[in-house]
Structure formats: C-alpha cells, structure tokens
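Notes follow once the structure below has been shown.
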Amino acid sequence: GQEPVSVIEELTYSYNLLGLAYLDRKLGNPEDNTDEAIKCFETALNLDFVNQELRGNLQNNLAIAYRRRGRGNPQENLAESIKRYHDELARREEGTPAWANSKWNLASALVKLTCDNLQEKMGKTQEAIKHSQEALEVFKRHKNTEQEQASLQMNLGNFYSSEIFHNEGIDERIKNLNKAIDYYSNAISIFDTIELRLSAGETRIYQGKAYMELG
C-alpha cells in the first residue's frame, strides 16, 4: 500500500494549495495576492518534510510568484525567481519532463535579467540557449510534447537571432542567423502539424526578419 502521509506533509500540501489559490485569485489587490502566495510557499518550504518532488513543485510555484511580483525591485524579484528555478532543478529527476520544464523556465527568466555590460548579457543568453537545448532533447524523448518542442525551438530561434550577438563579427552573425532560421523552420513545421496557426504565423514573422537580415 501507499506510505501514510505525515501531518507535516499534509500541512505542506495545504500551504501549497493556498499559495496557488492566491496566485489564481481574481478578487482583491493583485499585489497583495502575489505576496500572500509567496508567504504560503515560503512557509511550506520551511517545514520539515522529505518529499523532494513536492519541494521541487513549491520552488517552481515560488519562482512563478516572484516573476509575477509587482512590488519591490523587478530585477531583484527576477533574480530570486532564477534562484528558485535552480533550487527546483536540484530536486528534479534529470531527464524527466518536469526537469525539462524547469530548464525552460530558467532560460526564459535568464534572458530578462538586466546586465551591467554586453559580455554579461551574452553570457546569460548563451546560458539560456544551453538550458533550452537540454530541455528540447528531453521533450523529444517523450510523447505528447509537440507544443513544448515547437515553443522551445521558436525561443531558440529568437535567442540566436538576438541583437546581443551583433558584435561577434559578420561570419559568426551569419552562422547564428542560419541556426535561428533552422530552429524557426522546425517550430513552424510542428506548429502547423498540431494546428497552432497563430504560433506558426508568429514564428514565420520572426523567420522572415532573420532572412531579411541575411539579405
């Protein structure tokens, strides 16, 4: 039979559900709701429980809450969100869709960070590319992840065509734009297959811009 759930674990689940309810709440002040959600998730994480999957879920929920947070310094909130995604990854089983999803979320957060200089920004974008590619390889091994695969490849196209890499020289720029175009093509093909026409159309626009820059 199943292991009995401890009182502490029950309490942790309750705080997690309450936090999610605050995140979804339409009534009241949105900023208050997000801050209440953060309190719930942090309270749950401070409880003494051993379920690593639950701890990973809590870190993910907390990361989402910090990304949504309107109060405080936006970059500090984003940095806290990134820290939580890293904590979540440490508790996920490598190679699972949940692990891949964490990588994807981490990549999306990294490229939003404000950096002191171009080199730092390039480093964060390259880190985001690495996380996205690792996530993509995992999703390719699992069924019913076509939308994830397409969205990740659209993102990878955007990363490679980013103006961040403009200063790397013309040869490197052409190489990156060709990589972007290939990722866009793959994304469009999948979006068309699963009939997500709006996403396919959006990706075609991005690809068109990359082709125009290539000349």
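The way I read the labels, and the way they are meant: chains A, B, ... in the order of the structure tokens, residue 1 as the first residue of every chain, and ligand 1 as the first ligand shown, with later ones counted on from there.
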
- helix (DSSP H, G or I) residues, from DSSP on the backbone, in chain A, as number ranges by chain: A: 7-24, 30-45, 52-68, 74-91, 97-110, 118-140, 146-160, 163-168, 170-193, 197-214

- Message: When you look at Met122 of chain A with a cut-off of 10 Å (counting only C-alpha atoms), what residues show up, excluding the ones that are within fewer than 6 positions of it in the same chain? I need them as a list in words.
- Response: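 Surrounding residues, per the criterion: Val111, Cys115, Ala128, Phe159, Ser162, Glu163, Ile164 and Phe165 of chain A.
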
With all heavy atoms retained, write the just-selected residues as a JSON list (two decimals), in the first residue's frame.
[["chain", "number", "residue", "atom", "x", "y", "z"],
["A", 111, "VAL", "N", 17.11, 35.48, -19.71],
["A", 111, "VAL", "CA", 17.23, 36.49, -20.77],
["A", 111, "VAL", "C", 16.52, 37.80, -20.41],
["A", 111, "VAL", "O", 16.71, 38.81, -21.09],
["A", 111, "VAL", "CB", 16.72, 35.97, -22.14],
["A", 111, "VAL", "CG1", 17.62, 34.88, -22.67],
["A", 111, "VAL", "CG2", 15.28, 35.50, -22.05],
["A", 115, "CYS", "N", 21.70, 43.36, -17.39],
["A", 115, "CYS", "CA", 23.12, 43.11, -17.11],
["A", 115, "CYS", "C", 23.92, 44.40, -17.18],
["A", 115, "CYS", "O", 23.51, 45.36, -17.82],
["A", 115, "CYS", "CB", 23.67, 42.09, -18.11],
["A", 115, "CYS", "SG", 22.83, 40.49, -18.02],
["A", 128, "ALA", "N", 21.05, 30.57, -21.39],
["A", 128, "ALA", "CA", 19.64, 30.28, -21.72],
["A", 128, "ALA", "C", 19.56, 29.32, -22.90],
["A", 128, "ALA", "O", 18.71, 28.41, -22.91],
["A", 128, "ALA", "CB", 18.90, 31.58, -22.04],
["A", 159, "PHE", "N", 16.71, 33.50, -29.59],
["A", 159, "PHE", "CA", 17.99, 33.71, -28.91],
["A", 159, "PHE", "C", 19.12, 33.88, -29.93],
["A", 159, "PHE", "O", 19.94, 34.79, -29.82],
["A", 159, "PHE", "CB", 18.32, 32.53, -27.99],
["A", 159, "PHE", "CG", 17.38, 32.35, -26.82],
["A", 159, "PHE", "CD1", 17.24, 31.10, -26.21],
["A", 159, "PHE", "CD2", 16.64, 33.40, -26.32],
["A", 159, "PHE", "CE1", 16.38, 30.91, -25.14],
["A", 159, "PHE", "CE2", 15.77, 33.23, -25.24],
["A", 159, "PHE", "CZ", 15.64, 31.98, -24.65],
["A", 162, "SER", "N", 19.10, 37.14, -31.81],
["A", 162, "SER", "CA", 19.12, 38.31, -30.92],
["A", 162, "SER", "C", 20.22, 39.30, -31.29],
["A", 162, "SER", "O", 21.32, 38.93, -31.72],
["A", 162, "SER", "CB", 19.32, 37.85, -29.47],
["A", 162, "SER", "OG", 19.64, 38.94, -28.65],
["A", 163, "GLU", "N", 19.91, 40.58, -31.11],
["A", 163, "GLU", "CA", 20.89, 41.64, -31.38],
["A", 163, "GLU", "C", 22.09, 41.58, -30.43],
["A", 163, "GLU", "O", 23.12, 42.20, -30.68],
["A", 163, "GLU", "CB", 20.21, 43.02, -31.27],
["A", 163, "GLU", "CG", 19.20, 43.28, -32.38],
["A", 163, "GLU", "CD", 18.50, 44.61, -32.22],
["A", 163, "GLU", "OE1", 18.83, 45.33, -31.26],
["A", 163, "GLU", "OE2", 17.63, 44.91, -33.05],
["A", 164, "ILE", "N", 21.93, 40.82, -29.35],
["A", 164, "ILE", "CA", 23.02, 40.65, -28.37],
["A", 164, "ILE", "C", 24.30, 40.18, -29.07],
["A", 164, "ILE", "O", 25.40, 40.55, -28.70],
["A", 164, "ILE", "CB", 22.62, 39.62, -27.29],
["A", 164, "ILE", "CG1", 21.42, 40.13, -26.48],
["A", 164, "ILE", "CG2", 23.78, 39.28, -26.36],
["A", 164, "ILE", "CD1", 21.65, 41.42, -25.75],
["A", 165, "PHE", "N", 24.14, 39.34, -30.10],
["A", 165, "PHE", "CA", 25.29, 38.73, -30.77],
["A", 165, "PHE", "C", 25.79, 39.54, -31.97],
["A", 165, "PHE", "O", 26.61, 39.07, -32.74],
["A", 165, "PHE", "CB", 24.96, 37.30, -31.21],
["A", 165, "PHE", "CG", 24.66, 36.37, -30.06],
["A", 165, "PHE", "CD1", 23.42, 35.74, -29.96],
["A", 165, "PHE", "CD2", 25.60, 36.13, -29.07],
["A", 165, "PHE", "CE1", 23.12, 34.89, -28.90],
["A", 165, "PHE", "CE2", 25.32, 35.27, -28.01],
["A", 165, "PHE", "CZ", 24.09, 34.67, -27.93]]

- Pairwise distance for atom CA of Arg197 of chain A and atom CA of Lys140 of chain A, rounded to one decimal in Å: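 Rounded to one decimal, the two atoms are 21.2 Å apart.
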
- Provide the atom CA of Ala79 of chain A to atom CA of Leu113 of chain A distance in Å, to one decimal place.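 Atom-to-atom, atom CA of Ala79 of chain A and atom CA of Leu113 of chain A are spaced 7.6 Å apart.
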
- Task: Using only C-alpha atoms, pick whichever of A:Asn57, A:Gln75, A:Ser132, A:Gln119 has the shortest atom-to-atom distance to Asn105 of chain A.
- Result: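 Answer, going by the shortest atom-to-atom distance: A:Ser132.
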
- Message: Set the distance at 8 Å and use only C-alpha atoms: which residues neighbour Ile64 of chain A once local chain neighbours fewer than 4 positions away are removed? I'd like the list as a ChimeraX atom specification.
- Response: /A:60,68,81

Restricting it to C-alpha atoms, dump the selection as an mmCIF file, in the first residue's frame.
data_model
loop_
_atom_site.group_PDB
_atom_site.id
_atom_site.type_symbol
_atom_site.label_atom_id
_atom_site.label_comp_id
_atom_site.auth_asym_id
_atom_site.auth_seq_id
_atom_site.Cartn_x
_atom_site.Cartn_y
_atom_site.Cartn_z
ATOM 1 C CA ASN A 60 8.607 26.226 -9.068
ATOM 2 C CA ARG A 68 4.805 37.961 -11.345
ATOM 3 C CA SER A 81 12.925 33.670 -9.275
#

Do you know which residues are at most 10 Å from Leu152 of chain A counting only C-alpha atoms, after dropping those on the same chain fewer than 2 positions away, and could you put them as a CSV table (one decimal) with N, CA, C and O atoms, in the first residue's frame?
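For reference, result-v8.csv as written:
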chain,number,residue,atom,x,y,z
A,104,TRP,N,13.5,25.1,-19.1
A,104,TRP,CA,12.8,26.1,-20.0
A,104,TRP,C,12.5,27.4,-19.2
A,104,TRP,O,12.7,28.5,-19.7
A,107,ALA,N,15.6,29.4,-18.5
A,107,ALA,CA,16.1,30.0,-19.7
A,107,ALA,C,15.3,31.3,-19.9
A,107,ALA,O,15.9,32.4,-20.2
A,108,SER,N,14.0,31.2,-19.8
A,108,SER,CA,13.1,32.4,-20.1
A,108,SER,C,13.4,33.5,-19.1
A,108,SER,O,13.3,34.7,-19.5
A,129,ILE,N,20.4,29.5,-23.9
A,129,ILE,CA,20.5,28.6,-25.0
A,129,ILE,C,20.8,27.2,-24.6
A,129,ILE,O,20.1,26.2,-25.0
A,132,SER,N,17.8,25.6,-22.8
A,132,SER,CA,16.8,25.4,-23.7
A,132,SER,C,17.1,24.1,-24.6
A,132,SER,O,16.2,23.3,-24.9
A,133,GLN,N,18.3,24.0,-25.0
A,133,GLN,CA,18.7,22.9,-25.9
A,133,GLN,C,18.6,21.6,-25.1
A,133,GLN,O,18.1,20.5,-25.6
A,135,ALA,N,16.6,21.1,-22.5
A,135,ALA,CA,15.1,20.8,-22.3
A,135,ALA,C,14.5,20.2,-23.6
A,135,ALA,O,13.8,19.2,-23.5
A,136,LEU,N,14.9,20.7,-24.7
A,136,LEU,CA,14.4,20.3,-26.0
A,136,LEU,C,14.7,18.8,-26.2
A,136,LEU,O,13.9,18.0,-26.7
A,139,PHE,N,12.4,16.7,-24.1
A,139,PHE,CA,11.0,16.7,-24.7
A,139,PHE,C,10.9,15.8,-25.9
A,139,PHE,O,9.9,15.1,-26.1
A,146,GLU,N,4.7,17.9,-28.3
A,146,GLU,CA,5.0,18.7,-29.6
A,146,GLU,C,4.9,20.2,-29.3
A,146,GLU,O,5.8,20.9,-29.9
A,147,GLN,N,4.0,20.6,-28.6
A,147,GLN,CA,3.9,22.1,-28.4
A,147,GLN,C,5.1,22.6,-27.6
A,147,GLN,O,5.6,23.7,-28.0
A,148,GLU,N,5.6,21.9,-26.6
A,148,GLU,CA,6.8,22.3,-25.9
A,148,GLU,C,8.0,22.3,-26.8
A,148,GLU,O,8.8,23.3,-26.8
A,149,GLN,N,8.1,21.3,-27.7
A,149,GLN,CA,9.2,21.2,-28.6
A,149,GLN,C,9.2,22.4,-29.6
A,149,GLN,O,10.2,23.1,-29.9
A,150,ALA,N,8.0,22.7,-30.1
A,150,ALA,CA,7.9,23.9,-31.1
A,150,ALA,C,8.2,25.2,-30.4
A,150,ALA,O,8.9,26.0,-30.9
A,154,MET,N,11.2,27.9,-31.2
A,154,MET,CA,10.9,29.3,-31.5
A,154,MET,C,11.8,30.2,-30.6
A,154,MET,O,12.4,31.1,-31.1
A,155,ASN,N,11.8,29.8,-29.3
A,155,ASN,CA,12.7,30.6,-28.4
A,155,ASN,C,14.1,30.6,-28.8
A,155,ASN,O,14.8,31.6,-28.8
A,156,LEU,N,14.6,29.3,-29.2
A,156,LEU,CA,16.0,29.2,-29.6
A,156,LEU,C,16.3,30.0,-30.8
A,156,LEU,O,17.4,30.6,-30.9
A,157,GLY,N,15.3,30.1,-31.7
A,157,GLY,CA,15.5,30.9,-32.9
A,157,GLY,C,15.6,32.4,-32.5
A,157,GLY,O,16.5,33.1,-33.0
A,158,ASN,N,14.8,32.8,-31.5
A,158,ASN,CA,14.9,34.2,-31.0
A,158,ASN,C,16.2,34.5,-30.4
A,158,ASN,O,16.8,35.6,-30.5
A,183,TYR,N,15.9,26.6,-36.6
A,183,TYR,CA,15.0,26.4,-35.4
A,183,TYR,C,13.6,26.9,-35.7
A,183,TYR,O,12.6,26.2,-35.4
A,184,TYR,N,13.5,28.0,-36.4
A,184,TYR,CA,12.2,28.5,-36.8
A,184,TYR,C,11.5,27.5,-37.7
A,184,TYR,O,10.3,27.3,-37.5
A,187,ALA,N,10.1,24.7,-35.7
A,187,ALA,CA,9.0,25.1,-34.9
A,187,ALA,C,7.7,25.3,-35.8
A,187,ALA,O,6.7,24.8,-35.4

- Using only C-alpha atoms, find the one residue out of A:Ser185, A:Ser14, A:Asn61, A:Thr43 that sits nearest to Arg84 of chain A.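 For Arg84 of chain A, the nearest of the candidates is A:Asn61.
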
- Message: Can you measure atom CA of Gly123 of chain A to atom CA of Ile82 of chain A for me? One decimal in Å is fine.
- Response: 15.0 Å

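By chain and then residue number, the residues within 12 Å of Gly72 of chain A are A:Glu31, A:Asp35, A:Tyr66, A:Leu78, A:Glu80, counting only C-alpha atoms and disregarding those fewer than 6 positions away in sequence.
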
Please produce a file of those selected residues containing N, CA and C atoms, as a PDB file, in the first residue's frame.
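part.pdb was written with the following content:
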ATOM      1  N   GLU A  31      -1.366  42.632  -6.123  1.00  0.00           N
ATOM      2  CA  GLU A  31      -0.060  42.660  -5.444  1.00  0.00           C
ATOM      3  C   GLU A  31      -0.132  41.960  -4.083  1.00  0.00           C
ATOM      4  N   ASP A  35       1.903  38.528  -2.954  1.00  0.00           N
ATOM      5  CA  ASP A  35       2.712  38.491  -1.724  1.00  0.00           C
ATOM      6  C   ASP A  35       2.214  37.430  -0.748  1.00  0.00           C
ATOM      7  N   TYR A  66       7.471  35.042  -7.814  1.00  0.00           N
ATOM      8  CA  TYR A  66       8.443  36.146  -7.843  1.00  0.00           C
ATOM      9  C   TYR A  66       8.518  36.800  -9.227  1.00  0.00           C
ATOM     10  N   LEU A  78      13.280  39.060 -10.112  1.00  0.00           N
ATOM     11  CA  LEU A  78      13.682  38.128 -11.168  1.00  0.00           C
ATOM     12  C   LEU A  78      14.863  37.269 -10.718  1.00  0.00           C
ATOM     13  N   GLU A  80      15.571  36.450  -7.674  1.00  0.00           N
ATOM     14  CA  GLU A  80      15.036  35.491  -6.689  1.00  0.00           C
ATOM     15  C   GLU A  80      14.327  34.351  -7.415  1.00  0.00           C
TER      16      GLU A  80
END

- Item | Residues within 10 Å of Leu214 of chain A, only C-alpha atoms, excluding chain neighbours under 3 positions, as a PyMOL selection string | chain A and resi 173-175+177-178+208-211

Restricting the output to all heavy atoms, write the selected residues as an mmCIF file, in the first residue's frame.
data_model
loop_
_atom_site.group_PDB
_atom_site.id
_atom_site.type_symbol
_atom_site.label_atom_id
_atom_site.label_comp_id
_atom_site.auth_asym_id
_atom_site.auth_seq_id
_atom_site.Cartn_x
_atom_site.Cartn_y
_atom_site.Cartn_z
ATOM 1 N N ARG A 173 27.760 36.120 -37.044
ATOM 2 C CA ARG A 173 26.372 36.585 -37.143
ATOM 3 C C ARG A 173 25.594 35.759 -38.168
ATOM 4 O O ARG A 173 24.466 35.344 -37.922
ATOM 5 C CB ARG A 173 26.353 38.073 -37.533
ATOM 6 C CG ARG A 173 24.953 38.679 -37.616
ATOM 7 C CD ARG A 173 24.274 38.696 -36.269
ATOM 8 N NE ARG A 173 22.917 39.188 -36.314
ATOM 9 C CZ ARG A 173 21.982 38.895 -35.412
ATOM 10 N NH1 ARG A 173 22.264 38.099 -34.409
ATOM 11 N NH2 ARG A 173 20.767 39.389 -35.501
ATOM 12 N N ILE A 174 26.224 35.496 -39.323
ATOM 13 C CA ILE A 174 25.576 34.686 -40.373
ATOM 14 C C ILE A 174 25.303 33.275 -39.859
ATOM 15 O O ILE A 174 24.226 32.714 -40.086
ATOM 16 C CB ILE A 174 26.460 34.661 -41.648
ATOM 17 C CG1 ILE A 174 26.425 36.038 -42.329
ATOM 18 C CG2 ILE A 174 26.004 33.567 -42.613
ATOM 19 C CD1 ILE A 174 27.461 36.222 -43.427
ATOM 20 N N LYS A 175 26.281 32.717 -39.141
ATOM 21 C CA LYS A 175 26.127 31.367 -38.583
ATOM 22 C C LYS A 175 24.957 31.314 -37.599
ATOM 23 O O LYS A 175 24.128 30.402 -37.626
ATOM 24 C CB LYS A 175 27.432 30.935 -37.891
ATOM 25 C CG LYS A 175 27.531 29.457 -37.603
ATOM 26 C CD LYS A 175 28.975 29.005 -37.383
ATOM 27 C CE LYS A 175 29.534 29.498 -36.073
ATOM 28 N NZ LYS A 175 30.886 28.961 -35.806
ATOM 29 N N LEU A 177 22.372 33.408 -37.427
ATOM 30 C CA LEU A 177 21.100 33.633 -38.134
ATOM 31 C C LEU A 177 20.641 32.353 -38.841
ATOM 32 O O LEU A 177 19.448 32.046 -38.854
ATOM 33 C CB LEU A 177 21.238 34.775 -39.143
ATOM 34 C CG LEU A 177 21.222 36.194 -38.551
ATOM 35 C CD1 LEU A 177 21.633 37.212 -39.597
ATOM 36 C CD2 LEU A 177 19.851 36.541 -37.965
ATOM 37 N N ASN A 178 21.582 31.601 -39.416
ATOM 38 C CA ASN A 178 21.224 30.328 -40.057
ATOM 39 C C ASN A 178 20.710 29.312 -39.038
ATOM 40 O O ASN A 178 19.773 28.561 -39.315
ATOM 41 C CB ASN A 178 22.409 29.769 -40.838
ATOM 42 C CG ASN A 178 22.548 30.430 -42.210
ATOM 43 O OD1 ASN A 178 21.558 30.611 -42.913
ATOM 44 N ND2 ASN A 178 23.758 30.802 -42.585
ATOM 45 N N GLY A 208 11.113 35.451 -41.098
ATOM 46 C CA GLY A 208 11.217 36.424 -42.187
ATOM 47 C C GLY A 208 12.203 37.527 -41.866
ATOM 48 O O GLY A 208 13.006 37.944 -42.715
ATOM 49 N N LYS A 209 12.191 37.992 -40.620
ATOM 50 C CA LYS A 209 13.141 39.044 -40.185
ATOM 51 C C LYS A 209 14.578 38.541 -40.246
ATOM 52 O O LYS A 209 15.491 39.271 -40.643
ATOM 53 C CB LYS A 209 12.798 39.500 -38.765
ATOM 54 C CG LYS A 209 11.536 40.341 -38.677
ATOM 55 C CD LYS A 209 11.227 40.714 -37.240
ATOM 56 C CE LYS A 209 9.947 41.555 -37.162
ATOM 57 N NZ LYS A 209 9.556 41.828 -35.756
ATOM 58 N N ALA A 210 14.770 37.264 -39.865
ATOM 59 C CA ALA A 210 16.115 36.672 -39.918
ATOM 60 C C ALA A 210 16.590 36.562 -41.376
ATOM 61 O O ALA A 210 17.740 36.880 -41.682
ATOM 62 C CB ALA A 210 16.118 35.297 -39.246
ATOM 63 N N TYR A 211 15.694 36.153 -42.263
ATOM 64 C CA TYR A 211 16.039 36.066 -43.696
ATOM 65 C C TYR A 211 16.384 37.440 -44.262
ATOM 66 O O TYR A 211 17.331 37.600 -45.045
ATOM 67 C CB TYR A 211 14.869 35.468 -44.508
ATOM 68 C CG TYR A 211 14.868 33.963 -44.594
ATOM 69 C CD1 TYR A 211 13.763 33.222 -44.179
ATOM 70 C CD2 TYR A 211 15.967 33.287 -45.125
ATOM 71 C CE1 TYR A 211 13.755 31.831 -44.273
ATOM 72 C CE2 TYR A 211 15.963 31.889 -45.228
ATOM 73 C CZ TYR A 211 14.850 31.176 -44.794
ATOM 74 O OH TYR A 211 14.866 29.807 -44.904
#

Please provide the set of residues having any atom within 8 Å of segment 16-30 of chain A, restricted to only C-alpha atoms, with same-chain residues fewer than 3 positions apart removed, written as a JSON list (two decimals) with N, CA, C and O atoms, in the first residue's frame.
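Once everything was written out, this is out30.json:
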[["chain", "number", "residue", "atom", "x", "y", "z"],
["A", 12, "THR", "N", 2.06, 20.93, 4.50],
["A", 12, "THR", "CA", 2.81, 21.47, 3.36],
["A", 12, "THR", "C", 1.93, 21.55, 2.12],
["A", 12, "THR", "O", 1.91, 22.55, 1.41],
["A", 13, "TYR", "N", 1.20, 20.45, 1.85],
["A", 13, "TYR", "CA", 0.27, 20.43, 0.71],
["A", 13, "TYR", "C", -0.77, 21.55, 0.84],
["A", 13, "TYR", "O", -1.12, 22.20, -0.15],
["A", 33, "ASN", "N", -2.26, 39.63, -3.31],
["A", 33, "ASN", "CA", -2.44, 38.20, -3.58],
["A", 33, "ASN", "C", -1.11, 37.51, -3.88],
["A", 33, "ASN", "O", -0.84, 36.42, -3.37],
["A", 34, "THR", "N", -0.28, 38.17, -4.69],
["A", 34, "THR", "CA", 1.03, 37.58, -5.03],
["A", 34, "THR", "C", 1.90, 37.48, -3.78],
["A", 34, "THR", "O", 2.56, 36.46, -3.56],
["A", 36, "GLU", "N", 0.90, 37.25, -0.68],
["A", 36, "GLU", "CA", 0.35, 36.20, 0.18],
["A", 36, "GLU", "C", 0.75, 34.81, -0.34],
["A", 36, "GLU", "O", 1.06, 33.91, 0.43],
["A", 37, "ALA", "N", 0.75, 34.66, -1.66],
["A", 37, "ALA", "CA", 1.16, 33.39, -2.27],
["A", 37, "ALA", "C", 2.61, 33.09, -1.92],
["A", 37, "ALA", "O", 2.95, 31.96, -1.53],
["A", 38, "ILE", "N", 3.47, 34.10, -2.02],
["A", 38, "ILE", "CA", 4.90, 33.93, -1.67],
["A", 38, "ILE", "C", 5.05, 33.48, -0.22],
["A", 38, "ILE", "O", 5.81, 32.57, 0.08],
["A", 39, "LYS", "N", 4.28, 34.12, 0.67],
["A", 39, "LYS", "CA", 4.33, 33.74, 2.10],
["A", 39, "LYS", "C", 3.94, 32.28, 2.29],
["A", 39, "LYS", "O", 4.57, 31.56, 3.07],
["A", 40, "CYS", "N", 2.90, 31.86, 1.60],
["A", 40, "CYS", "CA", 2.43, 30.46, 1.72],
["A", 40, "CYS", "C", 3.50, 29.48, 1.26],
["A", 40, "CYS", "O", 3.80, 28.49, 1.94],
["A", 41, "PHE", "N", 4.09, 29.74, 0.08],
["A", 41, "PHE", "CA", 5.10, 28.83, -0.46],
["A", 41, "PHE", "C", 6.35, 28.80, 0.43],
["A", 41, "PHE", "O", 6.94, 27.74, 0.66],
["A", 44, "ALA", "N", 5.66, 26.84, 3.59],
["A", 44, "ALA", "CA", 5.67, 25.40, 3.28],
["A", 44, "ALA", "C", 7.09, 24.88, 3.16],
["A", 44, "ALA", "O", 7.43, 23.81, 3.69],
["A", 58, "LEU", "N", 7.08, 23.28, -5.04],
["A", 58, "LEU", "CA", 6.99, 24.52, -4.26],
["A", 58, "LEU", "C", 7.98, 25.57, -4.78],
["A", 58, "LEU", "O", 7.65, 26.75, -4.88],
["A", 61, "ASN", "N", 6.59, 26.98, -7.96],
["A", 61, "ASN", "CA", 5.49, 27.91, -7.70],
["A", 61, "ASN", "C", 6.01, 29.24, -7.14],
["A", 61, "ASN", "O", 5.50, 30.31, -7.48],
["A", 65, "ALA", "N", 5.73, 33.00, -8.72],
["A", 65, "ALA", "CA", 5.20, 34.12, -7.93],
["A", 65, "ALA", "C", 6.16, 35.31, -7.96],
["A", 65, "ALA", "O", 5.74, 36.46, -8.12]]

- Query: Counting only C-alpha atoms, which of A:Glu172, A:Glu195, A:Asp116, A:Glu53 gets nearest to Glu93 of chain A?
  - Reply: A:Glu53
